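For reference, my_file-v8.cif is printed below; it contains mmCIF, C-alpha atoms and all ligand atoms.
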```cif
data_start
#
loop_
_atom_site.label_atom_id
_atom_site.label_comp_id
_atom_site.auth_asym_id
_atom_site.auth_seq_id
_atom_site.Cartn_x
_atom_site.Cartn_y
_atom_site.Cartn_z
CA MET A 1 44.84 152.54 60.21
CA SER A 2 48.08 151.36 61.72
CA ASN A 3 51.02 153.66 62.33
CA PRO A 4 53.79 152.99 59.74
CA ALA A 5 56.41 154.56 62.03
CA ILE A 6 55.87 151.69 64.46
CA THR A 7 57.79 148.66 63.25
CA ARG A 8 58.96 145.40 64.73
CA ALA A 9 62.56 146.68 64.38
CA LEU A 10 61.67 149.48 66.80
CA PHE A 11 61.02 146.86 69.46
CA ASP A 12 64.65 145.74 69.31
CA GLN A 13 65.83 149.34 69.52
CA ILE A 14 63.79 150.54 72.47
CA MET A 15 62.48 147.59 74.47
CA VAL A 16 64.21 145.54 77.15
CA PRO A 17 65.11 142.34 75.26
CA ASN A 18 63.33 139.88 77.58
CA TYR A 19 60.77 138.95 74.91
CA ALA A 20 61.14 137.86 71.30
CA PRO A 21 57.83 138.80 69.64
CA LEU A 22 56.88 137.56 66.19
CA ALA A 23 57.63 139.70 63.14
CA MET A 24 54.01 140.77 62.62
CA ILE A 25 52.35 143.35 64.87
CA PRO A 26 48.67 142.73 65.64
CA VAL A 27 46.58 145.89 65.51
CA ARG A 28 42.98 144.72 65.72
CA GLY A 29 40.98 141.76 66.93
CA GLU A 30 37.41 140.57 66.76
CA GLY A 31 36.26 137.30 68.30
CA SER A 32 38.86 134.69 67.44
CA ARG A 33 40.37 136.69 64.57
CA VAL A 34 43.26 139.13 64.63
CA TRP A 35 44.63 141.45 61.94
CA ASP A 36 48.18 142.72 61.64
CA GLN A 37 49.54 146.05 60.36
CA GLU A 38 49.31 144.78 56.77
CA ASN A 39 45.68 143.82 57.38
CA ARG A 40 46.59 140.15 57.18
CA GLU A 41 44.06 137.98 59.00
CA TYR A 42 44.91 135.29 61.56
CA ILE A 43 42.83 132.82 63.53
CA ASP A 44 43.83 133.12 67.14
CA LEU A 45 44.24 129.86 69.08
CA THR A 46 46.46 131.54 71.69
CA GLY A 47 43.80 133.58 73.46
CA GLY A 48 46.64 135.89 74.54
CA ILE A 49 48.03 132.89 76.50
CA ALA A 50 44.71 131.70 77.91
CA VAL A 51 43.52 135.23 78.70
CA ASN A 52 41.00 136.32 76.07
CA ALA A 53 38.41 133.76 77.14
CA LEU A 54 35.65 135.52 75.22
CA GLY A 55 37.74 136.53 72.22
CA HIS A 56 38.76 140.01 71.16
CA ALA A 57 36.51 143.04 71.57
CA HIS A 58 33.53 141.14 72.93
CA PRO A 59 30.67 143.68 72.62
CA GLU A 60 29.38 143.14 76.17
CA LEU A 61 32.87 143.55 77.63
CA VAL A 62 33.41 146.68 75.54
CA THR A 63 30.17 148.06 76.98
CA ALA A 64 31.13 147.11 80.54
CA LEU A 65 34.52 148.79 80.11
CA THR A 66 33.30 151.95 78.44
CA GLU A 67 30.34 152.40 80.80
CA GLN A 68 32.68 152.11 83.79
CA ALA A 69 35.24 154.36 82.06
CA LYS A 70 32.66 157.14 82.01
CA LYS A 71 32.05 156.77 85.75
CA LEU A 72 35.13 155.95 87.82
CA TRP A 73 38.56 154.58 86.84
CA HIS A 74 40.50 154.32 90.02
CA VAL A 75 40.12 155.19 93.68
CA SER A 76 42.85 153.20 95.54
CA ASN A 77 42.23 151.02 98.56
CA TYR A 78 41.51 153.97 100.80
CA TYR A 79 38.01 153.25 99.47
CA THR A 80 36.18 150.24 98.24
CA ASN A 81 34.12 150.39 95.08
CA GLU A 82 30.96 148.86 93.63
CA PRO A 83 32.45 146.78 90.79
CA ALA A 84 35.02 145.20 93.16
CA LEU A 85 32.36 144.17 95.68
CA GLN A 86 30.06 142.94 92.94
CA LEU A 87 32.81 140.75 91.45
CA ALA A 88 33.87 139.42 94.85
CA GLN A 89 30.24 138.51 95.58
CA GLN A 90 29.94 136.63 92.27
CA ILE A 91 33.12 134.69 93.06
CA ILE A 92 31.94 133.84 96.58
CA ASP A 93 28.48 132.79 95.38
CA ASN A 94 29.96 130.39 92.82
CA THR A 95 33.07 128.90 94.44
CA PHE A 96 34.36 127.57 97.79
CA ALA A 97 35.65 131.04 98.66
CA GLU A 98 34.49 133.09 101.63
CA LYS A 99 36.99 135.91 101.13
CA VAL A 100 38.65 137.47 98.09
CA PHE A 101 41.75 139.61 97.57
CA PHE A 102 42.28 141.37 94.23
CA ALA A 103 45.60 142.06 92.54
CA ASN A 104 46.75 142.63 88.97
CA SER A 105 48.59 139.57 87.70
CA GLY A 106 48.88 135.87 88.34
CA ALA A 107 52.24 136.30 90.00
CA GLU A 108 50.82 138.81 92.45
CA ALA A 109 47.89 136.56 93.36
CA ASN A 110 50.37 133.74 94.04
CA GLU A 111 52.65 136.09 95.96
CA ALA A 112 49.67 136.93 98.17
CA ALA A 113 48.82 133.24 98.59
CA LEU A 114 52.36 132.34 99.66
CA LYS A 115 52.54 135.25 102.06
CA LEU A 116 49.15 134.29 103.48
CA ALA A 117 50.34 130.71 104.08
CA ARG A 118 53.52 131.89 105.80
CA ARG A 119 51.64 134.41 107.92
CA PHE A 120 48.92 131.97 108.90
CA ALA A 121 51.55 129.48 110.07
CA PHE A 122 53.49 132.24 111.85
CA ASP A 123 50.40 133.37 113.75
CA ASN A 124 49.13 129.89 114.65
CA TYR A 125 51.99 127.41 114.85
CA ASP A 126 55.65 126.87 115.52
CA LYS A 127 57.95 129.58 114.08
CA GLU A 128 59.70 126.91 112.03
CA LYS A 129 56.60 126.12 110.03
CA THR A 130 57.75 127.93 106.90
CA GLU A 131 58.36 125.21 104.31
CA ILE A 132 56.59 125.59 100.98
CA ILE A 133 56.38 122.53 98.78
CA ALA A 134 56.00 123.08 95.03
CA PHE A 135 56.68 121.00 91.93
CA HIS A 136 59.20 120.59 89.13
CA HIS A 137 57.97 122.21 85.91
CA GLY A 138 55.40 124.22 87.86
CA PHE A 139 55.00 127.87 86.90
CA HIS A 140 53.64 130.53 89.24
CA GLY A 141 54.89 133.87 87.92
CA ARG A 142 58.02 136.00 87.84
CA THR A 143 58.15 137.86 91.14
CA PHE A 144 61.14 136.52 93.05
CA PHE A 145 59.06 134.53 95.53
CA THR A 146 56.80 132.99 92.85
CA VAL A 147 59.60 132.30 90.37
CA SER A 148 61.54 130.59 93.18
CA ALA A 149 58.46 128.49 93.91
CA GLY A 150 58.27 127.67 90.21
CA GLY A 151 59.90 124.47 89.10
CA SER A 152 62.39 125.78 86.54
CA THR A 153 65.63 127.02 88.07
CA SER A 154 66.58 128.59 84.73
CA TYR A 155 63.98 131.27 85.47
CA SER A 156 65.18 131.95 89.02
CA ASN A 157 68.97 131.53 88.84
CA GLY A 158 71.23 134.54 88.51
CA PHE A 159 69.25 136.98 90.62
CA GLY A 160 71.07 136.57 93.91
CA PRO A 161 69.89 134.82 97.07
CA LYS A 162 66.47 133.25 96.66
CA PRO A 163 63.62 133.22 99.16
CA GLY A 164 64.32 130.16 101.30
CA ASP A 165 62.61 127.01 102.50
CA ILE A 166 61.00 126.01 99.21
CA THR A 167 61.14 122.30 98.33
CA HIS A 168 60.51 120.98 94.81
CA LEU A 169 59.14 117.51 94.13
CA ASP A 170 57.96 115.58 91.09
CA TYR A 171 54.42 116.42 90.06
CA ASN A 172 51.93 113.59 90.51
CA ASP A 173 54.35 111.70 92.81
CA LEU A 174 52.28 111.23 95.95
CA SER A 175 54.79 109.04 97.79
CA ALA A 176 57.48 111.73 97.34
CA LEU A 177 55.08 114.21 98.90
CA GLU A 178 54.26 111.82 101.74
CA ASN A 179 57.95 111.49 102.49
CA ALA A 180 58.68 115.19 102.26
CA MET A 181 55.82 116.67 104.23
CA SER A 182 56.07 117.39 107.93
CA ASP A 183 54.75 119.77 110.56
CA LYS A 184 57.21 122.31 109.15
CA THR A 185 55.31 122.45 105.86
CA CYS A 186 53.04 125.50 105.74
CA ALA A 187 51.78 125.15 102.18
CA VAL A 188 51.71 122.98 99.09
CA LEU A 189 51.45 125.02 95.91
CA LEU A 190 50.40 123.36 92.69
CA GLU A 191 48.60 123.78 89.40
CA PRO A 192 45.65 121.48 88.65
CA LEU A 193 47.25 121.00 85.22
CA GLN A 194 50.76 122.28 84.55
CA GLY A 195 50.32 124.78 81.73
CA GLU A 196 53.69 126.40 81.03
CA GLY A 197 55.45 123.21 82.09
CA GLY A 198 54.12 121.37 79.05
CA VAL A 199 50.33 121.00 79.48
CA LEU A 200 50.70 118.12 81.96
CA PRO A 201 47.44 116.91 83.50
CA ILE A 202 47.17 116.10 87.17
CA ASP A 203 46.17 112.64 88.48
CA LYS A 204 42.93 113.03 90.38
CA SER A 205 44.29 110.71 93.07
CA PHE A 206 47.33 112.98 93.43
CA ALA A 207 45.14 116.06 93.90
CA GLN A 208 43.10 114.22 96.52
CA GLY A 209 46.27 112.93 98.20
CA VAL A 210 47.64 116.48 98.42
CA ARG A 211 44.41 117.50 100.13
CA LYS A 212 44.68 114.70 102.71
CA LEU A 213 48.33 115.42 103.47
CA CYS A 214 47.66 119.14 103.82
CA ASP A 215 44.95 118.31 106.36
CA LYS A 216 47.25 115.94 108.23
CA TYR A 217 50.07 118.49 108.57
CA ASN A 218 47.98 121.69 108.88
CA ALA A 219 49.41 122.99 105.63
CA LEU A 220 47.46 125.14 103.17
CA MET A 221 46.65 123.62 99.82
CA ILE A 222 47.16 126.43 97.32
CA LEU A 223 45.79 125.72 93.85
CA ASP A 224 47.22 127.96 91.17
CA GLU A 225 44.34 128.24 88.71
CA VAL A 226 45.79 131.27 86.94
CA GLN A 227 45.80 129.37 83.65
CA THR A 228 43.15 126.68 84.28
CA GLY A 229 40.49 128.83 85.92
CA MET A 230 37.46 130.60 84.49
CA GLY A 231 36.16 127.84 82.29
CA ARG A 232 39.39 126.90 80.56
CA THR A 233 39.18 123.18 81.35
CA GLY A 234 35.41 122.93 81.00
CA SER A 235 34.36 123.65 84.59
CA LEU A 236 34.36 127.11 86.12
CA PHE A 237 37.51 126.15 88.03
CA ALA A 238 39.46 122.93 87.51
CA TYR A 239 39.22 121.94 91.20
CA MET A 240 35.49 121.41 90.69
CA ALA A 241 36.21 118.34 88.55
CA LEU A 242 38.91 116.96 90.87
CA GLY A 243 36.88 116.23 93.98
CA VAL A 244 39.02 118.50 96.15
CA ILE A 245 38.50 121.89 97.73
CA PRO A 246 41.63 123.98 98.15
CA ASP A 247 42.32 126.35 101.04
CA VAL A 248 43.54 129.05 98.70
CA LEU A 249 43.02 129.44 94.96
CA THR A 250 44.56 131.97 92.63
CA SER A 251 42.94 133.20 89.44
CA ALA A 252 44.10 135.67 86.79
CA LYS A 253 44.40 135.48 82.97
CA SER A 254 40.79 134.73 81.88
CA LEU A 255 39.39 136.38 85.01
CA GLY A 256 39.54 139.75 83.27
CA ALA A 257 39.15 138.23 79.78
CA GLY A 258 41.90 140.58 78.57
CA PHE A 259 41.85 143.29 81.21
CA PRO A 260 44.60 142.77 83.82
CA ILE A 261 43.21 141.53 87.13
CA SER A 262 43.87 138.64 89.47
CA ALA A 263 42.30 137.28 92.61
CA MET A 264 43.21 135.17 95.59
CA LEU A 265 40.27 133.19 96.94
CA THR A 266 40.29 131.73 100.44
CA LEU A 267 38.30 130.92 103.58
CA ASP A 268 37.52 133.22 106.51
CA LYS A 269 39.80 131.34 108.90
CA PHE A 270 42.87 131.90 106.71
CA ALA A 271 41.97 135.37 105.44
CA SER A 272 41.74 136.72 108.97
CA CYS A 273 45.53 136.66 109.35
CA LEU A 274 45.97 139.31 106.64
CA THR A 275 44.95 142.15 108.93
CA VAL A 276 45.00 145.82 107.91
CA GLY A 277 48.42 146.76 106.61
CA THR A 278 49.85 143.25 106.24
CA HIS A 279 49.53 143.18 102.46
CA GLY A 280 48.24 145.30 99.58
CA THR A 281 48.59 146.73 96.10
CA THR A 282 47.61 150.12 94.68
CA PHE A 283 45.64 148.84 91.70
CA GLY A 284 44.05 145.76 93.31
CA GLY A 285 40.26 145.89 92.90
CA ASN A 286 40.49 148.68 90.36
CA PRO A 287 36.93 149.57 89.21
CA LEU A 288 37.68 149.32 85.47
CA ALA A 289 39.23 145.86 85.86
CA CYS A 290 36.47 144.65 88.16
CA ALA A 291 33.68 145.94 85.93
CA VAL A 292 35.08 144.00 82.97
CA ALA A 293 35.80 140.90 85.07
CA SER A 294 32.33 140.98 86.57
CA LYS A 295 30.73 140.90 83.11
CA ALA A 296 33.20 138.22 81.98
CA PHE A 297 32.37 136.14 85.05
CA GLU A 298 28.66 136.34 84.25
CA LEU A 299 29.25 135.28 80.63
CA ILE A 300 31.71 132.46 81.41
CA ASN A 301 29.77 131.00 84.34
CA ASN A 302 27.19 129.66 81.92
CA GLU A 303 26.36 126.00 81.43
CA THR A 304 26.06 126.20 77.65
CA LEU A 305 29.42 127.91 77.31
CA LEU A 306 31.15 125.49 79.69
CA ASN A 307 29.65 122.43 77.98
CA GLY A 308 30.80 123.91 74.67
CA VAL A 309 34.39 123.86 75.94
CA LYS A 310 34.27 120.06 76.14
CA GLU A 311 32.70 119.79 72.67
CA LYS A 312 35.41 122.02 71.22
CA GLU A 313 38.09 119.99 72.97
CA HIS A 314 36.80 116.91 71.12
CA LEU A 315 36.79 118.75 67.80
CA ILE A 316 40.40 119.85 68.20
CA ARG A 317 41.56 116.45 69.43
CA HIS A 318 39.83 114.74 66.52
CA ALA A 319 41.40 117.11 63.98
CA LEU A 320 44.85 116.65 65.53
CA GLU A 321 44.45 112.87 65.39
CA LYS A 322 43.68 113.06 61.69
CA ILE A 323 46.67 115.33 61.05
CA ASN A 324 48.83 112.93 62.99
CA GLN A 325 47.59 109.92 61.06
CA GLN A 326 48.81 111.62 57.92
CA TYR A 327 52.08 113.19 59.10
CA ASP A 328 53.07 111.31 62.28
CA VAL A 329 54.49 114.30 64.21
CA PHE A 330 52.94 114.00 67.69
CA LYS A 331 53.40 111.38 70.34
CA GLU A 332 50.35 112.50 72.28
CA VAL A 333 47.75 115.20 72.69
CA ARG A 334 47.10 116.01 76.34
CA GLY A 335 45.40 118.58 78.53
CA ALA A 336 41.81 119.38 79.35
CA GLY A 337 39.08 121.49 77.79
CA LEU A 338 40.56 124.28 75.72
CA LEU A 339 44.04 123.97 77.17
CA LEU A 340 45.57 121.32 74.96
CA GLY A 341 49.14 120.36 74.18
CA ALA A 342 50.33 118.42 71.13
CA VAL A 343 53.65 116.81 72.07
CA LEU A 344 56.15 116.45 69.21
CA ASN A 345 57.57 112.98 68.71
CA ASP A 346 61.28 112.18 68.82
CA GLN A 347 61.86 113.00 65.17
CA TYR A 348 60.75 116.60 65.69
CA GLN A 349 62.40 117.35 69.03
CA ASP A 350 62.85 121.06 69.80
CA ARG A 351 60.77 122.08 66.77
CA ALA A 352 57.76 123.60 68.58
CA LYS A 353 58.93 127.13 67.75
CA ASP A 354 59.37 126.18 64.08
CA LEU A 355 55.83 124.83 63.97
CA LEU A 356 54.54 127.95 65.71
CA LEU A 357 56.22 130.14 63.07
CA ALA A 358 55.01 127.90 60.22
CA SER A 359 51.48 128.25 61.63
CA ALA A 360 51.77 132.04 61.69
CA ASP A 361 52.81 131.89 58.01
CA GLN A 362 49.52 130.09 57.37
CA GLY A 363 47.55 132.77 59.24
CA LEU A 364 47.20 130.83 62.47
CA LEU A 365 48.37 131.84 65.94
CA VAL A 366 49.31 129.01 68.32
CA LEU A 367 51.45 128.80 71.46
CA ALA A 368 54.33 126.62 72.57
CA ALA A 369 54.85 125.20 76.06
CA GLY A 370 58.54 124.42 76.13
CA ALA A 371 60.54 123.24 73.12
CA ASN A 372 58.41 120.20 72.29
CA VAL A 373 54.78 121.06 72.91
CA ILE A 374 52.42 123.11 70.77
CA ARG A 375 49.77 124.57 73.02
CA PHE A 376 46.25 125.61 72.09
CA ALA A 377 44.32 127.97 74.37
CA PRO A 378 41.66 129.58 72.18
CA ALA A 379 38.75 131.72 73.26
CA LEU A 380 36.09 129.58 74.94
CA ASN A 381 33.49 130.95 72.53
CA ILE A 382 35.42 130.14 69.35
CA SER A 383 33.02 128.70 66.75
CA HIS A 384 33.16 125.15 65.38
CA GLN A 385 33.73 126.62 61.93
CA GLU A 386 36.71 128.63 63.15
CA ILE A 387 38.17 125.50 64.73
CA ASP A 388 37.82 123.67 61.41
CA GLN A 389 39.50 126.52 59.55
CA ALA A 390 42.24 126.73 62.16
CA MET A 391 42.92 123.00 61.95
CA ASP A 392 43.16 123.20 58.14
CA LYS A 393 45.80 125.89 58.54
CA PHE A 394 47.57 123.87 61.19
CA LYS A 395 47.64 120.89 58.85
CA GLN A 396 49.38 123.04 56.22
CA ALA A 397 51.92 124.16 58.84
CA VAL A 398 52.60 120.56 59.85
CA LYS A 399 53.05 119.71 56.17
CA VAL A 400 55.69 122.46 55.86
CA LEU A 401 57.43 121.24 59.02
CA THR A 402 57.62 117.65 57.80
CA LYS A 403 58.85 118.48 54.29
C1 LIG A 501 49.75 128.69 86.37
C2 LIG A 501 50.29 130.08 86.27
N1 LIG A 501 50.52 130.79 87.39
C3 LIG A 501 50.99 132.04 87.35
C4 LIG A 501 51.27 132.66 86.17
C5 LIG A 501 51.79 134.05 86.17
O1 LIG A 501 50.80 134.94 85.78
P1 LIG A 501 51.20 136.43 85.34
O2 LIG A 501 52.04 136.30 84.12
O3 LIG A 501 49.88 137.11 85.11
O4 LIG A 501 51.96 137.02 86.48
C6 LIG A 501 51.04 131.98 84.96
C7 LIG A 501 51.37 132.61 83.68
O5 LIG A 501 51.56 131.97 82.67
C8 LIG A 501 50.54 130.66 85.01
O6 LIG A 501 50.32 129.95 83.91
#
```

As C-alpha cells, how would this structure be written, given the file I've shared?
Amino acid sequence: MSNPAITRALFDQIMVPNYAPLAMIPVRGEGSRVWDQENREYIDLTGGIAVNALGHAHPELVTALTEQAKKLWHVSNYYTNEPALQLAQQIIDNTFAEKVFFANSGAEANEAALKLARRFAFDNYDKEKTEIIAFHHGFHGRTFFTVSAGGSTSYSNGFGPKPGDITHLDYNDLSALENAMSDKTCAVLLEPLQGEGGVLPIDKSFAQGVRKLCDKYNALMILDEVQTGMGRTGSLFAYMALGVIPDVLTSAKSLGAGFPISAMLTLDKFASCLTVGTHGTTFGGNPLACAVASKAFELINNETLLNGVKEKEHLIRHALEKINQQYDVFKEVRGAGLLLGAVLNDQYQDRAKDLLLASADQGLLVLAAGANVIRFAPALNISHQEIDQAMDKFKQAVKVLTK
C-alpha cells in the first residue's frame, strides 16, 4: 500500500526545485512494468535513464542484494571486501582493463578519470600538459569539473570560476581535433554515442582518429560509457564495436542495474599514478553495491541477452517507422541497441516534453534528450510482447500530439 500522506505537491514544498518530476509517483516495479500510487500500470521504456538494465526487482538481483545485506553492508576503504574484488575481477576478465576504481555515480567516475589524466601528465610530462579536450553536447555529470567538461554551458554557467584548460570541439569533427591537439593535451574525453546530447551516434572513423591522435600526443583517450556501457548498445561496452581501445573508460548507470555504483577502468601504467591518498571516496566499492553489480555483470555479459538487444532495436525501429508513416512526426530515428532517439521534425519542434507527457497518459514511460528528441532506454530484457504493447501506446500518444 502506498502512503496517502505522500503526494506530488509535497515535493514542491520540501524538495530543492532542481527537478520537475511527473505528477504520478511510482511505488512498485516488476520487470518492465511500474505501478503508481493509484495502482495504475505503466510500461517502462526509460529504464530509470538507462540504469535498470534488467528491469525492476529482478529476482536474482534481489537475492544478491538481500544475501549481502545479511552479511556486510559497508566497511570503508580501510579494508577491501570480497564483492568489490569479485566485481573488479569480472570487469578485468572481460574488458581491456587491468585496474579498476569504484565510485558511486557517473560524474564521480569521470571526475576520477579527469584527475587521473591530469596527474599522469603531471608526473610524466611538461607541467603545461593540462589541456582536456571534450565535445559540444557531451554530458559527463554535474560535479564542477565534469559539468565544465560537458558541452552545454547552460549547465555550468553561474557557479563562479570554472576549472580551466578545457577545450570544446564539434563531435565527429576529426579535422577540428587534429588542429586543436598538441603536446599540451593530456586527455580527450568523449562518449561513444552522445546520450543526453540528443542520442547522437559516433562515426567509427572519428573514434579511431581520436585514438591515433591520442597516441601521437601522449594524451589519454577517456571513453565515457556511463550511458552506453553494460550491454546498452548491443555489445558489453560500445568501444568493442568501434575498433578502438581506450586508455580509460567510465561506467555507471547499468553497472549496478539500479543500485548506485560506478567504475573507472584503466591500464596499469596509468593507474600507477593514483598512489595511496591521491584520490578516494567513502562509499566506493561498497559491498552491497558490488554484490548487486557483480550479479548484474554476470547476467548482462551473456551472448543471448546481448544479441537480443539488437533484435529489440529492430523491433522498436520498425514500429517507429510505421508510426511515422502514418503521422509524419519524426525526421529520423538514431542511436544504437536499446538507446534510441526519435527526432521530431520541424513541425513539432520543442514538443518532446509534450509527447513524453502524452505517453505517460497512455501508460507509457519514455525519456526526452533535449527539446526535440524522444529517447528510449528500456531494460535489456524487455520482452517482444512488451515492446509491441509499448509501441501501441506510443502510437496513441503520437496521435494525441498530432491532433
Ligand atoms: C554519458 C554520461 N556521463 C555521465 C553521466 C553522469 O552520471 P551520474 O548522473 O550518475 O553522475 C551521465 C548521466 O546521464 C551520462 O549520460

Segment 107-122 of chain A: which residues within 8 Å, counting all atoms listed in the file, same-chain residues fewer than 5 positions away excluded, as a list in words?
Phe102, Lys127, Lys129, Thr130, His140, Gly141, Arg142, Thr143, Phe145, Thr146, Cys186, Ala187, Ala219, Leu220, Ile222, Asp224, Val248, Leu249, Thr250, Ser251, Ala252, Ser262, Ala263, Met264, Phe270, Ala271, Cys273, Leu274 and His279 of chain A

Requested write-out: C-alpha atoms of the selected residues, as a PDB file, keeping the file's coordinate frame:
```
ATOM      1  CA  PHE A 102      42.280 141.370  94.230  1.00  0.00           C
ATOM      2  CA  LYS A 127      57.950 129.580 114.080  1.00  0.00           C
ATOM      3  CA  LYS A 129      56.600 126.120 110.030  1.00  0.00           C
ATOM      4  CA  THR A 130      57.750 127.930 106.900  1.00  0.00           C
ATOM      5  CA  HIS A 140      53.640 130.530  89.240  1.00  0.00           C
ATOM      6  CA  GLY A 141      54.890 133.870  87.920  1.00  0.00           C
ATOM      7  CA  ARG A 142      58.020 136.000  87.840  1.00  0.00           C
ATOM      8  CA  THR A 143      58.150 137.860  91.140  1.00  0.00           C
ATOM      9  CA  PHE A 145      59.060 134.530  95.530  1.00  0.00           C
ATOM     10  CA  THR A 146      56.800 132.990  92.850  1.00  0.00           C
ATOM     11  CA  CYS A 186      53.040 125.500 105.740  1.00  0.00           C
ATOM     12  CA  ALA A 187      51.780 125.150 102.180  1.00  0.00           C
ATOM     13  CA  ALA A 219      49.410 122.990 105.630  1.00  0.00           C
ATOM     14  CA  LEU A 220      47.460 125.140 103.170  1.00  0.00           C
ATOM     15  CA  ILE A 222      47.160 126.430  97.320  1.00  0.00           C
ATOM     16  CA  ASP A 224      47.220 127.960  91.170  1.00  0.00           C
ATOM     17  CA  VAL A 248      43.540 129.050  98.700  1.00  0.00           C
ATOM     18  CA  LEU A 249      43.020 129.440  94.960  1.00  0.00           C
ATOM     19  CA  THR A 250      44.560 131.970  92.630  1.00  0.00           C
ATOM     20  CA  SER A 251      42.940 133.200  89.440  1.00  0.00           C
ATOM     21  CA  ALA A 252      44.100 135.670  86.790  1.00  0.00           C
ATOM     22  CA  SER A 262      43.870 138.640  89.470  1.00  0.00           C
ATOM     23  CA  ALA A 263      42.300 137.280  92.610  1.00  0.00           C
ATOM     24  CA  MET A 264      43.210 135.170  95.590  1.00  0.00           C
ATOM     25  CA  PHE A 270      42.870 131.900 106.710  1.00  0.00           C
ATOM     26  CA  ALA A 271      41.970 135.370 105.440  1.00  0.00           C
ATOM     27  CA  CYS A 273      45.530 136.660 109.350  1.00  0.00           C
ATOM     28  CA  LEU A 274      45.970 139.310 106.640  1.00  0.00           C
ATOM     29  CA  HIS A 279      49.530 143.180 102.460  1.00  0.00           C
TER      30      HIS A 279
END
```

So that I can see what lies close to Ile374 of chain A, please list as a ChimeraX atom specification the residues with an atom at most 6 Å from it, counting all atoms listed in the file and leaving out residues fewer than 5 positions away in the same chain.
/A:341-342,352,367-368

Residues from the last selection, C-alpha atoms, saved as a short mmCIF file (atom, residue, chain, number, x, y, z; two decimals), in the frame of the given file:
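To be explicit, this is the file written out as again-v9.cif:
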```
data_model
loop_
_atom_site.label_atom_id
_atom_site.label_comp_id
_atom_site.auth_asym_id
_atom_site.auth_seq_id
_atom_site.Cartn_x
_atom_site.Cartn_y
_atom_site.Cartn_z
CA GLY A 341 49.14 120.36 74.18
CA ALA A 342 50.33 118.42 71.13
CA ALA A 352 57.76 123.60 68.58
CA LEU A 367 51.45 128.80 71.46
CA ALA A 368 54.33 126.62 72.57
#
```

Please determine the residues with any atom at most 10 Å from (51.8, 128.7, 76.2) (coordinates as given in the file, with only C-alpha atoms counting) and report them as an mmCIF file with C-alpha atoms, in the frame of the given file.
```
data_model
loop_
_atom_site.group_PDB
_atom_site.id
_atom_site.type_symbol
_atom_site.label_atom_id
_atom_site.label_comp_id
_atom_site.auth_asym_id
_atom_site.auth_seq_id
_atom_site.Cartn_x
_atom_site.Cartn_y
_atom_site.Cartn_z
ATOM 1 C CA THR A 46 46.460 131.540 71.690
ATOM 2 C CA GLY A 47 43.800 133.580 73.460
ATOM 3 C CA GLY A 48 46.640 135.890 74.540
ATOM 4 C CA ILE A 49 48.030 132.890 76.500
ATOM 5 C CA ALA A 50 44.710 131.700 77.910
ATOM 6 C CA GLY A 195 50.320 124.780 81.730
ATOM 7 C CA GLU A 196 53.690 126.400 81.030
ATOM 8 C CA GLY A 197 55.450 123.210 82.090
ATOM 9 C CA GLY A 198 54.120 121.370 79.050
ATOM 10 C CA VAL A 199 50.330 121.000 79.480
ATOM 11 C CA GLN A 227 45.800 129.370 83.650
ATOM 12 C CA LEU A 339 44.040 123.970 77.170
ATOM 13 C CA LEU A 340 45.570 121.320 74.960
ATOM 14 C CA GLY A 341 49.140 120.360 74.180
ATOM 15 C CA VAL A 366 49.310 129.010 68.320
ATOM 16 C CA LEU A 367 51.450 128.800 71.460
ATOM 17 C CA ALA A 368 54.330 126.620 72.570
ATOM 18 C CA ALA A 369 54.850 125.200 76.060
ATOM 19 C CA GLY A 370 58.540 124.420 76.130
ATOM 20 C CA VAL A 373 54.780 121.060 72.910
ATOM 21 C CA ILE A 374 52.420 123.110 70.770
ATOM 22 C CA ARG A 375 49.770 124.570 73.020
ATOM 23 C CA PHE A 376 46.250 125.610 72.090
ATOM 24 C CA ALA A 377 44.320 127.970 74.370
#
```

Ligand LIG 501 (chain A), all listed atoms, 6 Å padding on each side: what axis-aligned box centre and edge lengths in Å to one decimal come out, as lines of an AutoDock Vina configuration file?
```
center_x = 50.9
center_y = 132.9
center_z = 85.0
size_x = 14.3
size_y = 20.4
size_z = 16.7
```

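The closest residue to Thr282 of chain A, picked from A:Ala103, A:Ala241, A:Ile316, A:Ala53 and counting all atoms listed in the file, is A:Ala103.
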
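In this model, the gap between atom CA of Ala296 of chain A and atom CA of Phe101 of chain A comes to 17.8 Å.
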
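Note that the spacing between atom CA of Gln37 of chain A and atom CA of Leu22 of chain A amounts to 12.6 Å.
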
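Take atom CA of Arg8 of chain A and atom CA of Leu365 of chain A: the distance between them is 17.2 Å.
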
Which residues are close to segment 92-96 of chain A, i.e. within 8 Å by only C-alpha atoms, leaving aside same-chain residues fewer than 4 positions away? Reply as a PyMOL selection string.
chain A and resi 88+100+245+266-267

Got time to write the residues from that selection, C-alpha atoms, as a compact mmCIF listing (two decimals), in the frame of the given file?
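File again11.txt, as written:
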```
# COMPACT_ATOMS: atom_id res chain seq x y z
CA ALA A 88 33.87 139.42 94.85
CA VAL A 100 38.65 137.47 98.09
CA ILE A 245 38.50 121.89 97.73
CA THR A 266 40.29 131.73 100.44
CA LEU A 267 38.30 130.92 103.58
```

Could you list, as a PyMOL selection string, every residue within 12 Å of Glu298 of chain A, counting only C-alpha atoms and ignoring same-chain residues fewer than 3 positions away?
chain A and resi 54+60-61+64+86-87+89-91+93-94+230-231+236+255-257+291-295+301-303+305

If we count all atoms listed in the file, what is near Ala289 of chain A at a cut-off of 9 Å, once residues fewer than 3 positions away on the same chain are taken out, given as a ChimeraX atom specification?
/A:65,73,83-84,104,256,259-261,284-286,292-294

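Considering only C-alpha atoms and all ligand atoms, the residue among A:Phe135, A:Tyr79, A:Phe11, A:Tyr125 positioned nearest to ligand LIG 501 (chain A) is A:Phe135.
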
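Take the candidates A:Arg232, A:His318, A:Arg28, A:Lys204 and check each one against ligand LIG 501 (chain A) using only C-alpha atoms and all ligand atoms; the shortest distance goes to A:Arg232.
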
What would the list of residues within 12 Å of (56.2, 113.7, 100.4) (file frame) look like as number ranges by chain, if only C-alpha atoms are what count?
A: 132-135, 167-183, 185, 188, 206, 209-210, 212-214, 217

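Minimum distance to ligand LIG 501 (chain A) across A:Ala397, A:Ala207, A:Val147, A:Ala336 (counting all atoms listed in the file) occurs at A:Val147.
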